[in-house]
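Engineer: Please find my_file.csv (CSV, C-alpha atoms) on the next line:
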```
chain,number,residue,atom,x,y,z
A,1,MET,CA,-24.7,43.6,5.7
A,2,SER,CA,-23.9,41.7,2.5
A,3,ASN,CA,-20.5,43.4,2.3
A,4,LEU,CA,-19.7,42.2,5.8
A,5,ILE,CA,-20.7,38.6,4.9
A,6,ALA,CA,-18.6,38.7,1.7
A,7,ALA,CA,-15.6,40.1,3.7
A,8,LEU,CA,-15.9,37.4,6.4
A,9,THR,CA,-16.3,34.7,3.7
A,10,GLY,CA,-13.2,35.9,2.0
A,11,ALA,CA,-11.3,36.0,5.3
A,12,VAL,CA,-12.3,32.4,6.1
A,13,ILE,CA,-11.2,31.2,2.6
A,14,ALA,CA,-7.9,33.1,2.9
A,15,LEU,CA,-7.1,31.6,6.3
A,16,SER,CA,-8.1,28.0,5.5
A,17,PRO,CA,-5.2,25.6,5.1
A,18,ALA,CA,-4.4,24.7,1.6
A,19,VAL,CA,-4.9,21.0,0.6
A,20,PRO,CA,-1.8,19.7,-1.3
A,21,ALA,CA,-2.3,18.8,-5.0
A,22,HIS,CA,-1.2,15.2,-4.3
A,23,HIS,CA,-3.8,14.7,-1.5
A,24,HIS,CA,-6.1,11.8,-2.5
A,25,GLY,CA,-9.0,12.6,-0.2
A,26,ALA,CA,-9.7,12.7,3.5
A,27,GLY,CA,-9.1,9.4,5.3
A,28,THR,CA,-6.4,7.3,6.6
A,29,THR,CA,-4.4,4.4,5.1
A,30,SER,CA,-4.5,1.3,7.2
A,31,LEU,CA,-3.8,-2.1,5.5
A,32,GLN,CA,-3.5,-5.7,6.6
A,33,LEU,CA,-0.9,-7.3,4.4
A,34,THR,CA,-0.7,-11.1,4.3
A,35,LEU,CA,1.8,-13.5,2.6
A,36,THR,CA,0.9,-17.2,2.4
A,37,HIS,CA,3.3,-19.9,1.1
A,38,PRO,CA,1.1,-22.8,0.2
A,39,GLY,CA,2.7,-26.2,0.6
A,40,ARG,CA,5.3,-25.2,3.2
A,41,ASN,CA,5.5,-27.5,6.3
A,42,ALA,CA,5.9,-24.7,8.8
A,43,SER,CA,3.4,-22.0,9.4
A,44,GLY,CA,2.9,-20.7,5.9
A,45,THR,CA,1.1,-17.4,6.6
A,46,HIS,CA,2.7,-14.1,7.8
A,47,ALA,CA,0.8,-10.8,8.3
A,48,VAL,CA,1.7,-7.2,9.1
A,49,THR,CA,-0.1,-3.9,9.3
A,50,LEU,CA,0.9,-0.9,7.3
A,51,THR,CA,-0.3,2.6,8.0
A,52,CYS,CA,0.6,5.7,6.1
A,53,ASP,CA,0.4,9.5,6.8
A,54,PRO,CA,2.5,9.0,8.9
A,55,PRO,CA,4.1,5.6,8.0
A,56,GLY,CA,3.9,3.0,10.7
A,57,GLY,CA,2.4,-0.3,11.7
A,58,ARG,CA,4.4,-3.6,11.9
A,59,HIS,CA,5.8,-3.3,8.4
A,60,PRO,CA,9.7,-3.3,8.6
A,61,GLU,CA,10.0,-0.7,5.8
A,62,ALA,CA,6.8,1.3,6.3
A,63,ALA,CA,8.1,4.6,5.0
A,64,ARG,CA,9.4,3.1,1.7
A,65,ALA,CA,6.2,0.9,1.2
A,66,CYS,CA,4.0,4.0,1.7
A,67,SER,CA,6.1,6.0,-0.7
A,68,GLU,CA,5.9,3.2,-3.3
A,69,LEU,CA,2.1,3.0,-2.9
A,70,ALA,CA,1.8,6.8,-3.1
A,71,GLY,CA,3.8,6.7,-6.3
A,72,SER,CA,1.6,4.1,-7.9
A,73,GLY,CA,-1.7,5.8,-6.8
A,74,GLY,CA,-2.4,3.0,-4.4
A,75,LYS,CA,-1.8,0.1,-6.8
A,76,PHE,CA,-0.1,-2.9,-5.2
A,77,ALA,CA,1.3,-4.6,-8.4
A,78,HIS,CA,3.2,-3.1,-11.4
A,79,ALA,CA,5.2,-4.3,-14.3
A,80,PRO,CA,8.2,-6.4,-13.4
A,81,ASP,CA,11.2,-4.4,-12.3
A,82,GLY,CA,13.7,-6.3,-14.4
A,83,ARG,CA,15.4,-8.4,-11.7
A,84,MET,CA,16.4,-11.9,-12.6
A,85,CYS,CA,14.4,-14.6,-10.8
A,86,THR,CA,14.9,-18.4,-10.9
A,87,ASP,CA,12.3,-20.7,-12.3
A,88,VAL,CA,12.0,-22.5,-9.0
A,89,TYR,CA,8.3,-23.0,-8.2
A,90,ALA,CA,7.7,-22.0,-4.5
A,91,PRO,CA,4.2,-20.4,-4.7
A,92,VAL,CA,3.3,-17.3,-2.7
A,93,VAL,CA,0.0,-15.6,-2.3
A,94,ALA,CA,0.0,-11.8,-1.5
A,95,GLU,CA,-3.1,-10.2,-0.1
A,96,ALA,CA,-3.9,-6.6,1.1
A,97,LYS,CA,-7.2,-5.5,2.7
A,98,GLY,CA,-8.1,-2.3,4.4
A,99,ARG,CA,-8.2,1.4,3.4
A,100,TRP,CA,-6.1,3.5,1.1
A,101,HIS,CA,-6.7,7.2,1.8
A,102,GLY,CA,-10.0,6.3,3.3
A,103,ASN,CA,-11.2,4.2,0.4
A,104,PRO,CA,-11.7,0.4,0.8
A,105,VAL,CA,-9.1,-1.7,-1.1
A,106,SER,CA,-8.6,-5.4,-1.6
A,107,PHE,CA,-5.8,-7.1,-3.5
A,108,HIS,CA,-5.1,-10.8,-4.0
A,109,ALA,CA,-2.4,-12.3,-6.3
A,110,HIS,CA,-0.6,-15.6,-6.8
A,111,TYR,CA,3.1,-15.6,-7.8
A,112,ALA,CA,5.5,-18.4,-8.7
A,113,ASN,CA,8.0,-17.4,-5.9
A,114,ASP,CA,9.1,-14.6,-3.6
A,115,CYS,CA,11.5,-13.1,-6.2
A,116,VAL,CA,8.7,-12.8,-8.8
A,117,MET,CA,6.4,-11.3,-6.3
A,118,HIS,CA,8.9,-8.7,-5.1
A,119,SER,CA,9.7,-7.9,-8.8
A,120,ARG,CA,6.0,-7.0,-9.2
A,121,THR,CA,5.2,-5.5,-5.8
A,122,GLY,CA,8.4,-3.8,-4.6
A,123,THR,CA,8.7,-3.2,-0.9
A,124,VAL,CA,5.0,-3.4,0.0
A,125,PHE,CA,5.2,-7.2,0.6
A,126,ALA,CA,8.8,-7.2,1.8
A,127,PHE,CA,8.3,-8.5,5.3
```
Kindly return the structure encoded in the file as structure tokens.
Structural biologist:
Amino acid sequence: MSNLIAALTGAVIALSPAVPAHHHGAGTTSLQLTLTHPGRNASGTHAVTLTCDPPGGRHPEAARACSELAGSGGKFAHAPDGRMCTDVYAPVVAEAKGRWHGNPVSFHAHYANDCVMHSRTGTVFAF
């Protein structure tokens, strides 16, 4: 009887789908991304949703944003990318709330202007 159980257990393990090495855990990625431009006369807040696995939501470059997030391990900000930005002060606040691979995330950062923000966040906040 124990040989039968061992054989069945081995068969189940052999037939189970493999989990890719880059898989960060069960769960979905669903984020609410918000940009606020304090001091602008018009409506200063814009928000979109971003989902990954598969990429989607209302983000205009969802696939690229998901790829960048995957490459950074889910980090929204990184070192500046080297682009030249003016010293014009036009503040922007970037926020992200939701789930990354099923884990809760929250991000909030202030930048001097859109160029500086994109230099630090890539495509994630390009909407």
Engineer: Go through A:Leu31, A:Val48, A:Val124, A:Met117 one by one, measure the shortest atom-to-atom distance of each to A:Ala90 using all atoms listed in the file, and give the residue with the smallest value.
Structural biologist: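 Closest candidate: A:Met117.
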Engineer: Extract, using all atoms listed in the file, all DNA, RNA and protein residues at most 12 Å from stretch 50-54 of chain A, discarding same-chain residues fewer than 5 positions from it, and format them as a ChimeraX atom specification.
Structural biologist: /A:23-24,26-34,59-70,74,96-102,123-127
Engineer: Convert the current residue selection to file output with C-alpha atoms, as a tab-separated table (two decimals), keeping the file's coordinate frame.
Structural biologist:
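Just written: part.tsv:
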```tsv
chain	number	residue	atom	x	y	z
A	23	HIS	CA	-3.80	14.70	-1.50
A	24	HIS	CA	-6.10	11.80	-2.50
A	26	ALA	CA	-9.70	12.70	3.50
A	27	GLY	CA	-9.10	9.40	5.30
A	28	THR	CA	-6.40	7.30	6.60
A	29	THR	CA	-4.40	4.40	5.10
A	30	SER	CA	-4.50	1.30	7.20
A	31	LEU	CA	-3.80	-2.10	5.50
A	32	GLN	CA	-3.50	-5.70	6.60
A	33	LEU	CA	-0.90	-7.30	4.40
A	34	THR	CA	-0.70	-11.10	4.30
A	59	HIS	CA	5.80	-3.30	8.40
A	60	PRO	CA	9.70	-3.30	8.60
A	61	GLU	CA	10.00	-0.70	5.80
A	62	ALA	CA	6.80	1.30	6.30
A	63	ALA	CA	8.10	4.60	5.00
A	64	ARG	CA	9.40	3.10	1.70
A	65	ALA	CA	6.20	0.90	1.20
A	66	CYS	CA	4.00	4.00	1.70
A	67	SER	CA	6.10	6.00	-0.70
A	68	GLU	CA	5.90	3.20	-3.30
A	69	LEU	CA	2.10	3.00	-2.90
A	70	ALA	CA	1.80	6.80	-3.10
A	74	GLY	CA	-2.40	3.00	-4.40
A	96	ALA	CA	-3.90	-6.60	1.10
A	97	LYS	CA	-7.20	-5.50	2.70
A	98	GLY	CA	-8.10	-2.30	4.40
A	99	ARG	CA	-8.20	1.40	3.40
A	100	TRP	CA	-6.10	3.50	1.10
A	101	HIS	CA	-6.70	7.20	1.80
A	102	GLY	CA	-10.00	6.30	3.30
A	123	THR	CA	8.70	-3.20	-0.90
A	124	VAL	CA	5.00	-3.40	0.00
A	125	PHE	CA	5.20	-7.20	0.60
A	126	ALA	CA	8.80	-7.20	1.80
A	127	PHE	CA	8.30	-8.50	5.30
```
Engineer: To one decimal place in Å, what is the distance between atom CA of A:Glu95 and atom CA of A:His108?
Structural biologist: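 It comes out at 4.4 Å.
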Engineer: Could you please determine the separation between atom CA of A:Asn103 and atom CA of A:Thr45 in Å, to one decimal place?
Structural biologist: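 A separation of 25.6 Å between them.
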Engineer: What is the distance between atom CA of A:Phe107 and atom CA of A:Phe76, in Å to one decimal?
Structural biologist: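 These two atoms are separated by 7.3 Å.
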Engineer: Pick out the closest residue to A:Ala94 from this set: A:His46, A:His110, A:Gly39, A:Ala79. Count all atoms listed in the file.
Structural biologist: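 Smallest distance to A:Ala94 is found for A:His110.
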